[in-house]
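For reference, upload-v6.cif (mmCIF, C-alpha atoms):
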```cif
data_entry
#
loop_
_atom_site.label_atom_id
_atom_site.label_comp_id
_atom_site.auth_asym_id
_atom_site.auth_seq_id
_atom_site.Cartn_x
_atom_site.Cartn_y
_atom_site.Cartn_z
CA MET E 1 -142.19 -128.78 62.60
CA ALA E 2 -143.27 -130.33 63.04
CA PHE E 3 -145.58 -124.80 62.51
CA ALA E 4 -143.43 -125.78 62.88
CA ARG E 5 -141.34 -128.69 64.61
CA SER E 6 -143.45 -126.77 65.43
CA ARG E 7 -142.25 -128.02 62.30
CA GLN E 8 -144.32 -125.18 61.03
CA ALA E 9 -141.78 -123.00 62.73
CA LEU E 10 -138.84 -125.02 61.44
CA ALA E 11 -140.26 -124.55 57.98
CA ILE E 12 -139.54 -120.86 57.83
CA ALA E 13 -136.50 -119.59 56.02
CA GLY E 14 -137.55 -116.64 53.94
CA VAL E 15 -136.39 -113.23 52.79
CA LEU E 16 -137.50 -110.27 54.87
CA GLY E 17 -138.91 -108.31 51.99
CA LEU E 18 -142.53 -108.38 53.03
CA ALA E 19 -144.45 -105.19 53.41
CA LEU E 20 -146.27 -105.91 56.64
CA GLY E 21 -149.17 -103.55 57.20
CA ALA E 22 -149.82 -102.11 60.61
CA THR E 23 -152.80 -103.52 62.41
CA ALA E 24 -152.25 -101.95 65.78
CA CYS E 25 -154.44 -99.37 67.44
CA GLY E 26 -151.33 -97.32 68.17
CA THR E 27 -147.63 -97.16 67.55
CA GLY E 28 -145.84 -97.67 70.83
CA ASN E 29 -144.72 -101.08 72.12
CA ASP E 30 -143.12 -100.07 75.43
CA LYS E 31 -146.24 -98.51 76.88
CA LYS E 32 -149.92 -98.06 76.14
CA SER E 33 -150.76 -95.93 73.12
CA ASP E 34 -152.93 -92.85 73.37
CA LYS E 35 -155.79 -94.98 72.06
CA ALA E 36 -155.59 -97.53 74.88
CA GLY E 37 -159.10 -96.67 76.01
CA SER E 38 -160.56 -96.64 72.50
CA ALA E 39 -163.12 -99.00 71.02
CA GLU E 40 -160.35 -100.85 69.17
CA CYS E 41 -158.80 -101.79 72.50
CA ALA E 42 -162.00 -102.91 74.24
CA ALA E 43 -161.21 -106.59 73.59
CA TYR E 44 -158.00 -106.26 75.61
CA GLU E 45 -159.44 -104.78 78.80
CA LYS E 46 -159.32 -108.17 80.52
CA TYR E 47 -155.53 -108.18 80.10
CA SER E 48 -154.95 -104.68 81.49
CA GLY E 49 -153.03 -103.69 84.60
CA HIS E 50 -149.53 -104.57 83.43
CA ASP E 51 -148.43 -101.36 81.68
CA GLY E 52 -144.67 -101.23 81.19
CA LYS E 53 -144.06 -104.93 81.88
CA LYS E 54 -142.03 -107.16 79.54
CA VAL E 55 -142.60 -110.81 78.63
CA THR E 56 -139.93 -112.83 76.84
CA ILE E 57 -140.80 -115.62 74.40
CA TYR E 58 -138.44 -118.17 72.84
CA SER E 59 -139.36 -120.35 69.86
CA SER E 60 -138.14 -121.81 66.58
CA ILE E 61 -140.19 -119.26 64.60
CA ARG E 62 -137.92 -116.88 62.71
CA ASP E 63 -137.36 -114.75 59.62
CA VAL E 64 -140.61 -113.75 57.88
CA GLU E 65 -142.73 -115.66 60.38
CA ASP E 66 -141.06 -113.82 63.25
CA GLU E 67 -142.12 -110.54 61.69
CA ARG E 68 -145.65 -111.83 61.27
CA LEU E 69 -145.76 -112.90 64.90
CA LYS E 70 -144.78 -109.41 66.00
CA GLN E 71 -147.48 -107.93 63.80
CA SER E 72 -150.09 -110.35 65.13
CA TRP E 73 -149.78 -109.20 68.75
CA LYS E 74 -148.86 -105.54 68.18
CA GLU E 75 -152.38 -104.34 68.93
CA PHE E 76 -152.33 -106.33 72.18
CA GLU E 77 -149.04 -104.64 73.12
CA ASP E 78 -150.30 -101.17 72.29
CA CYS E 79 -153.56 -101.62 74.17
CA THR E 80 -152.16 -103.29 77.29
CA GLY E 81 -148.73 -101.72 77.56
CA ILE E 82 -147.10 -105.16 77.81
CA LYS E 83 -143.94 -105.46 75.72
CA ILE E 84 -143.48 -108.89 74.13
CA ASP E 85 -139.84 -109.70 73.34
CA HIS E 86 -139.75 -112.71 70.98
CA GLU E 87 -136.57 -114.53 69.98
CA GLY E 88 -136.64 -117.19 67.28
CA SER E 89 -133.84 -119.70 66.79
CA GLY E 90 -133.08 -122.49 64.36
CA GLU E 91 -131.44 -124.32 67.25
CA PHE E 92 -134.51 -124.06 69.51
CA GLU E 93 -134.84 -127.75 70.40
CA ALA E 94 -131.21 -128.00 71.39
CA GLN E 95 -130.90 -124.63 73.13
CA LEU E 96 -134.12 -124.50 75.16
CA PRO E 97 -133.02 -127.28 77.56
CA VAL E 98 -129.62 -125.58 77.90
CA ARG E 99 -131.27 -122.31 78.85
CA VAL E 100 -133.77 -123.89 81.21
CA ASP E 101 -131.23 -126.11 82.95
CA GLY E 102 -128.84 -123.18 83.17
CA GLY E 103 -131.36 -120.97 84.96
CA ASN E 104 -131.89 -118.70 81.95
CA ALA E 105 -135.36 -119.83 80.88
CA PRO E 106 -137.63 -117.52 78.85
CA ASP E 107 -140.97 -116.47 80.36
CA LEU E 108 -142.82 -118.37 77.62
CA ALA E 109 -141.73 -120.92 75.02
CA PHE E 110 -143.61 -122.29 72.03
CA ILE E 111 -142.81 -126.00 72.38
CA PRO E 112 -143.76 -128.18 69.40
CA GLN E 113 -142.88 -131.50 71.03
CA PRO E 114 -145.27 -132.81 73.73
CA GLY E 115 -142.44 -135.17 74.70
CA LEU E 116 -140.14 -132.22 75.41
CA LEU E 117 -142.98 -130.43 77.20
CA LYS E 118 -143.42 -133.47 79.45
CA ARG E 119 -139.72 -133.52 80.24
CA PHE E 120 -139.85 -129.96 81.57
CA ALA E 121 -143.11 -130.63 83.43
CA ASP E 122 -141.72 -133.77 85.08
CA ALA E 123 -138.65 -131.82 86.15
CA GLY E 124 -140.81 -129.15 87.79
CA LYS E 125 -139.54 -126.47 85.40
CA LEU E 126 -142.87 -125.54 83.80
CA LYS E 127 -145.56 -123.54 85.53
CA PRO E 128 -149.11 -124.93 85.27
CA ALA E 129 -151.38 -122.65 83.27
CA SER E 130 -153.52 -120.18 85.23
CA ALA E 131 -157.23 -120.77 85.69
CA ASP E 132 -157.94 -118.06 83.09
CA THR E 133 -155.65 -119.69 80.52
CA LYS E 134 -157.14 -123.11 81.20
CA ALA E 135 -160.71 -121.79 80.81
CA MET E 136 -159.81 -120.00 77.58
CA ALA E 137 -158.14 -123.13 76.18
CA GLU E 138 -161.05 -125.40 77.09
CA ALA E 139 -163.47 -123.02 75.37
CA ASN E 140 -161.44 -122.83 72.17
CA TYR E 141 -159.77 -126.21 71.64
CA SER E 142 -160.95 -129.81 71.55
CA PRO E 143 -159.94 -132.22 74.33
CA ASP E 144 -157.82 -134.13 71.79
CA TRP E 145 -155.54 -131.12 71.50
CA LEU E 146 -155.42 -130.22 75.19
CA LYS E 147 -154.37 -133.72 76.25
CA TYR E 148 -151.02 -133.19 74.53
CA SER E 149 -150.11 -130.40 76.98
CA THR E 150 -151.54 -132.07 80.07
CA VAL E 151 -149.12 -134.01 82.28
CA ASP E 152 -150.25 -135.94 85.35
CA GLY E 153 -153.53 -134.06 85.33
CA LYS E 154 -151.93 -130.60 85.16
CA PHE E 155 -152.55 -128.39 82.14
CA TYR E 156 -149.55 -126.41 80.90
CA GLY E 157 -150.71 -124.39 77.90
CA ALA E 158 -152.90 -124.11 74.81
CA PRO E 159 -151.82 -124.74 71.23
CA LEU E 160 -150.80 -121.79 69.08
CA GLY E 161 -150.23 -122.59 65.42
CA SER E 162 -151.16 -125.96 63.97
CA ASN E 163 -150.54 -127.78 60.74
CA VAL E 164 -151.89 -130.64 58.71
CA LYS E 165 -149.11 -132.89 57.46
CA SER E 166 -151.04 -135.36 55.32
CA PHE E 167 -150.66 -133.47 52.04
CA VAL E 168 -148.93 -134.07 48.71
CA TRP E 169 -147.97 -130.95 46.75
CA TYR E 170 -148.24 -130.90 42.95
CA SER E 171 -148.67 -128.62 39.94
CA PRO E 172 -152.30 -128.47 38.73
CA LYS E 173 -151.06 -127.14 35.39
CA MET E 174 -148.66 -130.05 34.94
CA PHE E 175 -151.36 -132.57 35.85
CA GLN E 176 -153.77 -131.03 33.37
CA GLU E 177 -151.19 -130.96 30.57
CA LYS E 178 -150.15 -134.59 31.18
CA GLY E 179 -153.62 -135.94 31.84
CA TRP E 180 -152.68 -137.15 35.32
CA GLN E 181 -155.39 -137.62 37.95
CA VAL E 182 -155.21 -136.89 41.67
CA PRO E 183 -155.04 -140.32 43.37
CA GLN E 184 -157.69 -141.45 45.84
CA THR E 185 -155.89 -144.47 47.34
CA TRP E 186 -152.34 -145.59 48.07
CA ASP E 187 -152.48 -148.00 45.14
CA ASP E 188 -153.57 -145.12 42.91
CA LEU E 189 -150.62 -143.09 44.19
CA ILE E 190 -148.15 -145.85 43.26
CA LYS E 191 -149.77 -146.26 39.82
CA LEU E 192 -149.49 -142.51 39.27
CA SER E 193 -145.83 -142.58 40.33
CA ASP E 194 -145.14 -145.34 37.81
CA GLN E 195 -146.98 -143.38 35.12
CA ILE E 196 -144.94 -140.25 35.80
CA ALA E 197 -141.66 -142.19 35.90
CA ALA E 198 -142.52 -143.79 32.54
CA SER E 199 -142.93 -140.31 31.06
CA GLY E 200 -139.29 -139.51 31.82
CA THR E 201 -139.90 -137.31 34.88
CA LYS E 202 -138.87 -138.30 38.38
CA PRO E 203 -142.22 -138.41 40.18
CA TRP E 204 -140.99 -137.46 43.65
CA CYS E 205 -138.69 -134.87 45.15
CA ALA E 206 -137.76 -134.89 48.84
CA GLY E 207 -135.33 -133.41 51.33
CA ILE E 208 -134.76 -134.04 55.02
CA GLU E 209 -131.83 -131.72 55.83
CA SER E 210 -132.79 -129.22 58.56
CA GLY E 211 -129.70 -128.29 60.56
CA ASP E 212 -129.77 -129.83 64.03
CA ALA E 213 -133.23 -131.18 63.21
CA THR E 214 -132.14 -133.10 60.09
CA GLY E 215 -134.28 -136.19 59.58
CA TRP E 216 -137.65 -134.95 60.80
CA PRO E 217 -139.36 -134.88 57.37
CA ALA E 218 -138.64 -138.61 56.99
CA THR E 219 -140.24 -139.34 60.36
CA ASP E 220 -143.42 -137.71 59.06
CA TRP E 221 -143.49 -140.21 56.20
CA LEU E 222 -143.33 -143.14 58.60
CA GLU E 223 -145.98 -141.63 60.87
CA ASP E 224 -148.39 -141.07 57.98
CA LEU E 225 -147.90 -144.66 56.81
CA MET E 226 -148.33 -146.02 60.35
CA LEU E 227 -151.72 -144.31 60.51
CA ARG E 228 -152.66 -145.83 57.16
CA THR E 229 -151.34 -149.38 57.50
CA ALA E 230 -151.71 -150.02 61.24
CA GLY E 231 -154.53 -147.64 62.17
CA PRO E 232 -154.85 -144.91 64.81
CA GLU E 233 -155.11 -147.26 67.82
CA VAL E 234 -151.86 -149.04 66.98
CA TYR E 235 -150.34 -145.64 66.20
CA ASP E 236 -151.16 -144.56 69.77
CA GLN E 237 -149.53 -147.72 71.14
CA TRP E 238 -146.43 -147.05 69.06
CA THR E 239 -145.98 -143.43 70.16
CA THR E 240 -146.35 -144.38 73.84
CA HIS E 241 -144.17 -147.50 73.58
CA GLY E 242 -147.16 -149.77 74.08
CA ILE E 243 -145.61 -151.73 71.24
CA PRO E 244 -141.85 -151.71 70.61
CA PHE E 245 -140.38 -149.44 67.96
CA ASN E 246 -139.21 -152.50 66.04
CA ASP E 247 -142.66 -154.13 65.99
CA PRO E 248 -143.46 -155.86 62.64
CA LYS E 249 -146.24 -153.29 62.04
CA VAL E 250 -143.66 -150.49 62.15
CA ALA E 251 -141.37 -152.40 59.81
CA GLU E 252 -144.26 -152.88 57.37
CA ALA E 253 -145.00 -149.15 57.37
CA LEU E 254 -141.35 -148.18 56.90
CA ASP E 255 -140.94 -150.62 54.02
CA LYS E 256 -143.96 -148.98 52.37
CA VAL E 257 -142.24 -145.62 52.75
CA GLY E 258 -139.25 -147.22 51.07
CA THR E 259 -141.29 -148.09 47.98
CA ILE E 260 -141.15 -144.37 47.28
CA LEU E 261 -138.20 -142.78 49.09
CA LYS E 262 -135.72 -145.59 48.41
CA ASN E 263 -136.81 -146.14 44.83
CA GLU E 264 -134.22 -144.75 42.41
CA LYS E 265 -136.87 -144.63 39.68
CA TYR E 266 -138.97 -142.29 41.81
CA VAL E 267 -136.49 -139.92 43.50
CA ASN E 268 -134.97 -137.42 43.79
CA GLY E 269 -136.27 -135.19 41.00
CA GLY E 270 -134.12 -132.09 40.52
CA PHE E 271 -131.44 -133.15 43.00
CA GLY E 272 -130.03 -136.63 42.29
CA GLY E 273 -130.57 -140.14 43.62
CA VAL E 274 -131.92 -141.55 46.87
CA LYS E 275 -128.99 -140.43 49.02
CA SER E 276 -129.39 -136.82 47.88
CA ILE E 277 -132.55 -136.71 50.04
CA ALA E 278 -130.38 -136.58 53.17
CA THR E 279 -128.48 -133.52 51.97
CA THR E 280 -131.36 -131.62 50.36
CA SER E 281 -132.84 -128.98 52.65
CA PHE E 282 -136.50 -129.49 53.33
CA GLN E 283 -137.13 -125.82 52.46
CA GLU E 284 -135.89 -126.38 48.89
CA ALA E 285 -137.10 -129.94 48.50
CA GLY E 286 -140.38 -129.23 46.70
CA THR E 287 -139.26 -126.38 44.47
CA PRO E 288 -138.37 -128.59 41.43
CA ILE E 289 -142.14 -128.94 40.92
CA THR E 290 -142.21 -125.32 39.71
CA SER E 291 -139.69 -126.14 36.96
CA GLY E 292 -141.18 -129.50 35.97
CA LYS E 293 -138.28 -131.56 37.33
CA CYS E 294 -140.53 -133.52 39.67
CA ALA E 295 -144.28 -133.90 40.12
CA LEU E 296 -144.97 -134.78 43.76
CA HIS E 297 -143.74 -133.64 47.16
CA ARG E 298 -145.16 -134.89 50.45
CA GLN E 299 -145.08 -132.09 53.01
CA ALA E 300 -147.30 -130.28 55.49
CA SER E 301 -149.64 -127.35 54.99
CA PHE E 302 -146.95 -124.96 56.21
CA TYR E 303 -144.96 -125.67 53.06
CA ALA E 304 -147.13 -123.02 51.42
CA ASN E 305 -144.56 -120.56 52.83
CA GLN E 306 -141.67 -122.16 50.96
CA TRP E 307 -142.57 -121.65 47.31
CA PRO E 308 -140.61 -119.04 45.35
CA GLU E 309 -141.96 -115.52 45.47
CA GLY E 310 -144.80 -115.03 43.02
CA THR E 311 -145.92 -118.68 43.07
CA LYS E 312 -149.71 -118.92 43.10
CA VAL E 313 -150.96 -121.51 45.60
CA ALA E 314 -154.47 -122.53 44.52
CA GLU E 315 -156.43 -125.28 42.83
CA ASP E 316 -155.97 -123.44 39.55
CA GLY E 317 -152.56 -122.04 40.49
CA ASP E 318 -148.91 -122.97 40.04
CA VAL E 319 -148.97 -125.38 42.98
CA PHE E 320 -151.58 -126.91 45.23
CA ALA E 321 -151.91 -129.94 47.50
CA PHE E 322 -154.10 -133.02 47.76
CA TYR E 323 -154.77 -135.31 50.70
CA PHE E 324 -152.09 -137.99 51.09
CA PRO E 325 -154.27 -140.99 50.23
CA GLY E 326 -154.77 -143.94 52.52
CA ILE E 327 -155.04 -147.66 51.93
CA ASP E 328 -158.82 -147.66 52.43
CA PRO E 329 -160.56 -144.68 50.78
CA ALA E 330 -163.31 -144.84 53.42
CA GLN E 331 -160.80 -143.99 56.16
CA LYS E 332 -158.97 -140.67 56.17
CA PRO E 333 -156.63 -140.32 59.15
CA VAL E 334 -154.81 -137.00 59.39
CA LEU E 335 -151.35 -136.41 60.78
CA GLY E 336 -150.56 -132.98 62.13
CA GLY E 337 -148.61 -130.93 64.58
CA GLY E 338 -148.40 -127.62 66.34
CA GLU E 339 -146.71 -125.78 69.14
CA PHE E 340 -147.88 -125.18 72.71
CA VAL E 341 -147.54 -121.93 74.65
CA THR E 342 -145.81 -123.00 77.87
CA ALA E 343 -144.65 -120.88 80.80
CA PHE E 344 -141.48 -120.97 82.86
CA ALA E 345 -142.65 -117.97 84.92
CA ASP E 346 -146.00 -117.19 86.51
CA ARG E 347 -145.89 -113.41 86.88
CA PRO E 348 -149.31 -111.83 86.18
CA GLU E 349 -148.20 -110.27 82.90
CA VAL E 350 -146.85 -113.64 81.70
CA GLN E 351 -150.18 -115.29 82.49
CA ALA E 352 -152.00 -112.48 80.65
CA VAL E 353 -149.98 -113.08 77.48
CA GLN E 354 -150.42 -116.86 77.74
CA THR E 355 -154.20 -116.44 78.09
CA TYR E 356 -154.40 -114.00 75.18
CA LEU E 357 -152.53 -116.35 72.87
CA ALA E 358 -155.21 -119.00 73.56
CA SER E 359 -158.02 -116.63 72.59
CA GLY E 360 -160.11 -116.38 69.46
CA GLU E 361 -159.06 -112.74 69.12
CA TYR E 362 -155.44 -113.77 68.74
CA ALA E 363 -156.18 -116.64 66.35
CA ASN E 364 -158.12 -114.36 64.02
CA SER E 365 -155.53 -111.59 64.28
CA ARG E 366 -152.73 -113.94 63.19
CA ALA E 367 -154.83 -115.71 60.53
CA LYS E 368 -155.62 -112.46 58.72
CA ILE E 369 -151.91 -111.85 58.12
CA GLY E 370 -151.75 -115.08 56.12
CA ASP E 371 -149.94 -118.42 55.87
CA TRP E 372 -151.04 -119.74 59.26
CA VAL E 373 -153.28 -122.51 60.54
CA SER E 374 -154.86 -123.07 63.94
CA ALA E 375 -157.19 -125.60 65.52
CA ASN E 376 -158.80 -122.79 67.55
CA LYS E 377 -162.56 -123.26 67.26
CA LYS E 378 -163.12 -119.48 67.35
CA LEU E 379 -161.05 -118.99 64.20
CA ASP E 380 -163.31 -117.75 61.40
CA ILE E 381 -162.32 -119.67 58.28
CA ASN E 382 -163.14 -116.56 56.23
CA ASN E 383 -160.10 -114.92 57.85
CA VAL E 384 -157.82 -117.59 56.35
CA PRO E 385 -156.70 -116.31 52.92
CA ASN E 386 -154.48 -119.16 51.72
CA PRO E 387 -156.59 -121.93 50.10
CA VAL E 388 -154.40 -124.74 51.48
CA ASP E 389 -154.61 -123.21 54.94
CA LYS E 390 -158.36 -122.86 54.53
CA LEU E 391 -158.52 -126.55 53.62
CA SER E 392 -156.40 -127.39 56.66
CA VAL E 393 -158.55 -125.38 59.07
CA GLY E 394 -161.64 -127.09 57.69
CA ILE E 395 -160.05 -130.47 58.40
CA LEU E 396 -158.98 -129.48 61.91
CA GLN E 397 -162.40 -128.09 62.81
CA ASP E 398 -164.28 -131.09 61.40
CA PRO E 399 -165.39 -133.27 64.35
CA LYS E 400 -165.22 -136.35 62.09
CA THR E 401 -161.51 -135.99 61.44
CA VAL E 402 -159.37 -138.80 62.89
CA PHE E 403 -156.46 -136.61 63.94
CA ARG E 404 -153.19 -137.76 65.44
CA PHE E 405 -150.30 -135.59 66.57
CA ASP E 406 -146.85 -135.99 65.04
CA GLY E 407 -145.38 -139.18 66.52
CA SER E 408 -141.80 -138.08 67.02
CA ASP E 409 -143.04 -135.03 68.90
CA LEU E 410 -145.03 -137.26 71.26
CA MET E 411 -142.12 -139.55 72.08
CA PRO E 412 -139.48 -138.82 74.72
CA ALA E 413 -137.14 -136.20 73.30
CA ALA E 414 -134.14 -138.54 73.34
CA VAL E 415 -136.03 -140.80 70.93
CA GLY E 416 -138.39 -138.52 69.01
CA THR E 417 -135.96 -135.72 68.24
CA GLY E 418 -132.88 -137.89 68.75
CA THR E 419 -132.52 -141.47 67.60
CA PHE E 420 -135.67 -141.39 65.45
CA TRP E 421 -134.47 -138.37 63.45
CA LYS E 422 -130.95 -139.80 63.17
CA GLY E 423 -132.21 -143.30 62.37
CA MET E 424 -134.24 -142.06 59.42
CA VAL E 425 -131.16 -140.34 58.01
CA ALA E 426 -129.22 -143.58 58.33
CA TRP E 427 -132.10 -145.44 56.65
CA ILE E 428 -132.12 -143.02 53.70
CA ASN E 429 -128.36 -143.45 53.43
CA GLY E 430 -128.67 -147.23 53.06
CA LYS E 431 -129.06 -148.84 56.48
CA ASP E 432 -131.70 -151.59 56.42
CA THR E 433 -135.11 -151.33 58.09
CA LYS E 434 -134.52 -153.98 60.76
CA THR E 435 -131.24 -152.49 61.97
CA VAL E 436 -132.61 -148.95 62.07
CA LEU E 437 -135.72 -149.93 64.04
CA ASN E 438 -133.69 -152.09 66.45
CA ASP E 439 -131.33 -149.16 67.08
CA ILE E 440 -134.19 -146.80 67.85
CA GLU E 441 -135.92 -149.35 70.07
CA GLY E 442 -132.69 -149.84 72.00
CA SER E 443 -132.55 -146.11 72.78
CA TRP E 444 -136.02 -145.96 74.36
CA LYS E 445 -135.60 -145.81 78.14
#
```

Represent the supplied structure as structure tokens.
Amino acid sequence: MAFARSRQALAIAGVLGLALGATACGTGNDKKSDKAGSAECAAYEKYSGHDGKKVTIYSSIRDVEDERLKQSWKEFEDCTGIKIDHEGSGEFEAQLPVRVDGGNAPDLAFIPQPGLLKRFADAGKLKPASADTKAMAEANYSPDWLKYSTVDGKFYGAPLGSNVKSFVWYSPKMFQEKGWQVPQTWDDLIKLSDQIAASGTKPWCAGIESGDATGWPATDWLEDLMLRTAGPEVYDQWTTHGIPFNDPKVAEALDKVGTILKNEKYVNGGFGGVKSIATTSFQEAGTPITSGKCALHRQASFYANQWPEGTKVAEDGDVFAFYFPGIDPAQKPVLGGGEFVTAFADRPEVQAVQTYLASGEYANSRAKIGDWVSANKKLDINNVPNPVDKLSVGILQDPKTVFRFDGSDLMPAAVGTGTFWKGMVAWINGKDTKTVLNDIEGSWK
């Protein structure tokens, strides 16, 4: 998305009505501003020497988030004279390989799938990160994150945005009015779902339609349940094919997902029955909570961007989120994702931009604009305005967190963003667990 996939990036489909304030030390993007030597630009001196150069970036980040990206690095552009030309596309996963294989690769790409990153690295298409980028990344990110962009001992780029996926969105006002309690365990979650269903409200709303990426929200459900029922070690074996995709542990986790997503009593509030999940866009999937047509929606931290304009996201607001509870309350595994800044060119100005995007200065610049999460250790949590994002950053920066990256993003692209996505759509539409898992296993080469 996953932001996202990153699914965080896939999550964005907004209206460009935001009044984005200027944060730059000047106004020009094609060359250094008159204030290039000012105190405001002192932090960018290490990236100087590339005035008038252009760096192209391709990602799945678009609409409002594209505008926020441009705002986040405008000061860097003005102070260094480097022009950053970003293009966001809803068809990023499909089109990036076409561009790369066709000799039309961007200078940088924000790749949210480590499996896709590995494909380009194995093919010799990616450029290893410079020593400066590597040093910046090692100073600002944990080894757990950096291993996802390291292939055969070569490091290819730091994370950019991140997200926490183990959240359930709800309406605090509705819970207070109905006397419902935030569940602490999986059993509590099922009891709450039964309680809500008995009241006449469909407890869950869901949607997995996402254009060429349709199906990915359902894979997140299975990944979260794999972490909870099988544990992080088995999860690692599953994502690396150490155990087959149709292992009984995977079937157990998927059947647990089915107790919610394939339960006509539980879904799909505001949209229809179980099969409506496959045709409901993930951007709209949680919105029935705001009108009382459903009570619960499992989705990542980046879903904070999807609520209707004017919706207050806070513990005492219109909507908020709680941790997706596990089987054992003493264990709290967290599923998440993010995108990695990878390079298809190694010109000095490209390396300068790649290094800057791994810095604490960039993380704090982007965080202040709002609705963004990063695992960068230099990010000051006080610069994170959104309470759900603040909660997410706290989780990501906590050394005790048992974090695992989105499974489908770790798998080979043909499986993770291919048969796995498609298989979950078929499963929602009625195909049985055994057949779906056998089909996906058969596609893993």

Which residues, named as in the file, does the PyMOL selection byres ((chain E and resi 267) around 10) pick out? Answer as an mmCIF file with C-alpha atoms, in the coordinates of the input.
```cif
data_model
loop_
_atom_site.group_PDB
_atom_site.id
_atom_site.type_symbol
_atom_site.label_atom_id
_atom_site.label_comp_id
_atom_site.auth_asym_id
_atom_site.auth_seq_id
_atom_site.Cartn_x
_atom_site.Cartn_y
_atom_site.Cartn_z
ATOM 1 C CA ALA E 197 -141.660 -142.190 35.900
ATOM 2 C CA THR E 201 -139.900 -137.310 34.880
ATOM 3 C CA LYS E 202 -138.870 -138.300 38.380
ATOM 4 C CA PRO E 203 -142.220 -138.410 40.180
ATOM 5 C CA TRP E 204 -140.990 -137.460 43.650
ATOM 6 C CA CYS E 205 -138.690 -134.870 45.150
ATOM 7 C CA ALA E 206 -137.760 -134.890 48.840
ATOM 8 C CA ILE E 260 -141.150 -144.370 47.280
ATOM 9 C CA LEU E 261 -138.200 -142.780 49.090
ATOM 10 C CA LYS E 262 -135.720 -145.590 48.410
ATOM 11 C CA ASN E 263 -136.810 -146.140 44.830
ATOM 12 C CA GLU E 264 -134.220 -144.750 42.410
ATOM 13 C CA LYS E 265 -136.870 -144.630 39.680
ATOM 14 C CA TYR E 266 -138.970 -142.290 41.810
ATOM 15 C CA ASN E 268 -134.970 -137.420 43.790
ATOM 16 C CA GLY E 269 -136.270 -135.190 41.000
ATOM 17 C CA GLY E 270 -134.120 -132.090 40.520
ATOM 18 C CA PHE E 271 -131.440 -133.150 43.000
ATOM 19 C CA GLY E 272 -130.030 -136.630 42.290
ATOM 20 C CA GLY E 273 -130.570 -140.140 43.620
ATOM 21 C CA VAL E 274 -131.920 -141.550 46.870
ATOM 22 C CA LYS E 275 -128.990 -140.430 49.020
ATOM 23 C CA SER E 276 -129.390 -136.820 47.880
ATOM 24 C CA ILE E 277 -132.550 -136.710 50.040
ATOM 25 C CA CYS E 294 -140.530 -133.520 39.670
ATOM 26 C CA LEU E 296 -144.970 -134.780 43.760
#
```

Hits from the PyMOL selection byres ((chain E and resi 371) around 10), listed as a PyMOL selection string:
chain E and resi 65+68+301-305+366-370+372-373+384-390

List the residues selected by the PyMOL selection byres ((chain E and resi 405-419) around 6) in the file shown, writing them as a PyMOL selection string.
chain E and resi 113-116+239+335-337+404+420-423+440

12 Å contact set for segment 174-177 of chain E, all atoms listed in the file, chain neighbours under 5 positions out, as a PyMOL selection string:
chain E and resi 169+182-183+192+195-196+201+203+289-296+315-321

Could you check how far atom CA of Tyr356 of chain E sits from atom CA of Asp152 of chain E, in Å to one decimal?
24.5 Å

Using all atoms listed in the file, which residue out of E:Ala330, E:Met136, E:Ala198, E:Leu96 lies closest to Arg228 of chain E?
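Closest candidate: E:Ala330.
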
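Closest approach to Thr219 of chain E among E:Asp132, E:Tyr148, E:Val55, E:Trp427: E:Trp427, based on only C-alpha atoms.
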
Close residues, Ala121 of chain E itself excluded, 10 Å, only C-alpha atoms, min 2 positions apart in chain, as number ranges by chain:
E: 115-119, 123-128, 149-152, 154-156, 342, 344

Kindly give the distance, in Å, that separates atom CA of Gly161 of chain E and atom CA of Ser374 of chain E, rounded to a single decimal.
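These atoms are spaced 4.9 Å apart.
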
Among the residues E:Ile190, E:Trp238, E:Ile84, E:Ser162, the one that comes closest to Ala363 of chain E [using all atoms listed in the file]
E:Ser162

Write out as a PyMOL selection string the residues lying within 9 Å of Ala358 of chain E, counting only C-alpha atoms and excluding same-chain residues fewer than 2 positions away.
chain E and resi 133-134+136-137+140-141+157-160+341+353-356+360-363+376

Pick out the closest residue to Ala375 of chain E from this set: E:Val168, E:Val100, E:Leu146, E:Ala230. Count only C-alpha atoms.
E:Leu146

Which residues come within 12 Å of Ile208 of chain E, counting only C-alpha atoms, excluding same-chain residues fewer than 3 positions away, as a ChimeraX atom specification?
/E:1,10-11,205,211-221,261,268,274-286,297-299,421-422,424-429

Cut-off 10 Å around (-142.4, -152.0, 59.7) with all atoms listed in the file: residues as number ranges by chain:
E: 222, 225-226, 229-230, 245-257, 433-434, 437

Pick from E:Ser199, E:Ser443, E:Thr287, E:Asp187: nearest to Phe324 of chain E, with only C-alpha atoms counted?
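Going through E:Ser199, E:Ser443, E:Thr287, E:Asp187 one by one, the smallest distance to Phe324 of chain E is for E:Asp187.
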
Polymer residues at most 10 Å from Lys400 of chain E, all atoms listed in the file, same-chain spacing of 5 or more positions, as a PyMOL selection string:
chain E and resi 332-333+395

Those same residues, written as a short mmCIF file (atom, residue, chain, number, x, y, z; two decimals), in the coordinates of the input with C-alpha atoms?
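Full text of out-v7.cif as output:
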```cif
data_model
loop_
_atom_site.label_atom_id
_atom_site.label_comp_id
_atom_site.auth_asym_id
_atom_site.auth_seq_id
_atom_site.Cartn_x
_atom_site.Cartn_y
_atom_site.Cartn_z
CA LYS E 332 -158.97 -140.67 56.17
CA PRO E 333 -156.63 -140.32 59.15
CA ILE E 395 -160.05 -130.47 58.40
#
```

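Minimum atom-to-atom distance to Glu87 of chain E, evaluated using only C-alpha atoms, belongs to E:Ile61 out of E:Asp51, E:Asp107, E:Ile61, E:Lys74.
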